[in-house]
Amino acid sequence: MPLIIEQDNDGTTARLNLVGELDTDTAPQLRPVIEGLAGQPPSVLVLRLKDLDYISSAGLRCVFQMKKLMKEHGGRFVVSEPSPQVRKVFDIVKAVPVQSVFSSEAELDAYLDKMQRQVGSD
Amino acid sequence: MEGTLEFPLEHDCHQGVLERLLAQANATGLSACAPEDLRLIVEEVLTNVVKYSGAAERGASGTVRWRMWPDRLELAFEDPGDPFDPLGEDEDDLSDDERCEGGMGILLIRALASEVGYRREDGRNRLLLTFTGV
């Protein structure tokens, strides 16, 4: 099954919606996307994985590269709605801290709203 | 149910092996290893062999032997590549930076399999994996 990458970036928050499978064959598709983010890093990168059915170590490397990129630029990296299989693999390799994983879109939106209010009051 | 599959060690060889094993798993009613976990295991093992053993460059073939019951799966991956014990690698404590470069395949295999073993015999690497669903 191929990988479909949907992107949305408002300059502050970038959302990557991955659909399909992220494995040895499809992981190279993410390289230019990661390079693009590195050129203009957002404040928040949301990786939406509701429709990602499968991830292997090749895909995990991409996830760690995005996590590193955001850390280097002082941004936040969060994961939204990972499927059970992807969540299991993430847990094995400790890909993302528990507090950075959101189980629903509503939970994520509440987090992003809270962040924006904090920035607005600074 | 048991069987052996020999295949050329090349990019994407895991796809054909997986299809064969999934068909056997379906016929056996295998519950000891979920299909998506079996896929992960086959991809991680064979990708590592093709990339790092040197056997693919020599045009060599690999072998997978399986024994399957509904509640137990035994897999033996064999290749004539350079001696390499993947279980000797400690990947548990890799930093995030190191994980950007890889090294998570064996960690996944160890976590998903009930038992793992490695032997070097007759000039071949033998990776032995057992799944019992526990």
# chains A, B, ... in the order shown; residues from 1 in each chain; ligands from 1
$ interface_residues --of "chain B" --to "chain A" --cutoff "6 Å" --atoms "only C-alpha atoms" --output "PyMOL selection string"
chain B and resi 100+102+104-105
$ write_last_selection --atoms "N, CA and C atoms" --output "CSV table (one decimal), in the first residue's frame"
chain,number,residue,atom,x,y,z
B,100,CYS,N,17.9,8.3,14.8
B,100,CYS,CA,17.7,9.0,13.5
B,100,CYS,C,18.5,8.2,12.4
B,102,GLY,N,19.1,4.8,12.6
B,102,GLY,CA,18.6,3.5,12.5
B,102,GLY,C,18.8,2.7,13.8
B,104,MET,N,16.9,0.2,15.1
B,104,MET,CA,15.7,-0.1,15.9
B,104,MET,C,15.1,-1.5,15.5
B,105,GLY,N,15.6,-2.0,14.4
B,105,GLY,CA,15.0,-3.3,13.9
B,105,GLY,C,15.1,-4.4,14.9
$ select_by_dssp --residues "chain B" --states "alpha helix (DSSP H)" --output "MDAnalysis selection string"
chainID B and resid 13:28 35:52 96:99 105:112
$ residues_around --residues "Lys71 (chain A)" --least-positions-apart "3" --cutoff "12 Å" --atoms "only C-alpha atoms" --output "PDB file with C-alpha atoms, in the first residue's frame"
ATOM      1  CA  ALA A  38      14.072  22.058   8.235  1.00  0.00           C
ATOM      2  CA  PRO A  41      10.675  25.079  10.978  1.00  0.00           C
ATOM      3  CA  PRO A  42       7.197  25.627  12.438  1.00  0.00           C
ATOM      4  CA  SER A  43       6.603  26.250  16.139  1.00  0.00           C
ATOM      5  CA  VAL A  44       4.541  23.081  16.352  1.00  0.00           C
ATOM      6  CA  LEU A  45       4.678  19.986  14.181  1.00  0.00           C
ATOM      7  CA  PHE A  64      13.035  10.524  15.086  1.00  0.00           C
ATOM      8  CA  GLN A  65      14.428  12.906  12.447  1.00  0.00           C
ATOM      9  CA  MET A  66      11.331  15.112  12.766  1.00  0.00           C
ATOM     10  CA  LYS A  67      11.527  14.969  16.544  1.00  0.00           C
ATOM     11  CA  LYS A  68      15.197  15.992  16.432  1.00  0.00           C
ATOM     12  CA  GLY A  74      12.928  24.853  20.110  1.00  0.00           C
ATOM     13  CA  GLY A  75       9.611  23.757  18.628  1.00  0.00           C
ATOM     14  CA  ARG A  76       7.119  21.138  19.778  1.00  0.00           C
ATOM     15  CA  PHE A  77       6.539  17.778  18.185  1.00  0.00           C
ATOM     16  CA  VAL A  78       3.272  16.023  18.878  1.00  0.00           C
TER      17      VAL A  78
ATOM     18  CA  ASP B  96      17.281   9.879  19.934  1.00  0.00           C
ATOM     19  CA  ASP B  97      20.107  11.125  17.695  1.00  0.00           C
TER      20      ASP B  97
END
$ atom_distance --atom1 "CA of Gln116 (chain A)" --atom2 "CA of Thr13 (chain A)"
10.3 Å
$ atom_distance --atom1 "CA of Lys88 (chain A)" --atom2 "CA of Ser104 (chain A)"
16.8 Å
$ closest_residue --among "B:Ser95, B:Gly123, B:Gln15, B:Glu115" --to "Glu44 (chain B)" --atoms "only C-alpha atoms"
B:Gln15
$ select_by_dssp --residues "chain B" --states "strand (DSSP E or B)" --output "NGL selection string"
:B and (2-8 or 61-69 or 72-79 or 115-121 or 124-131)
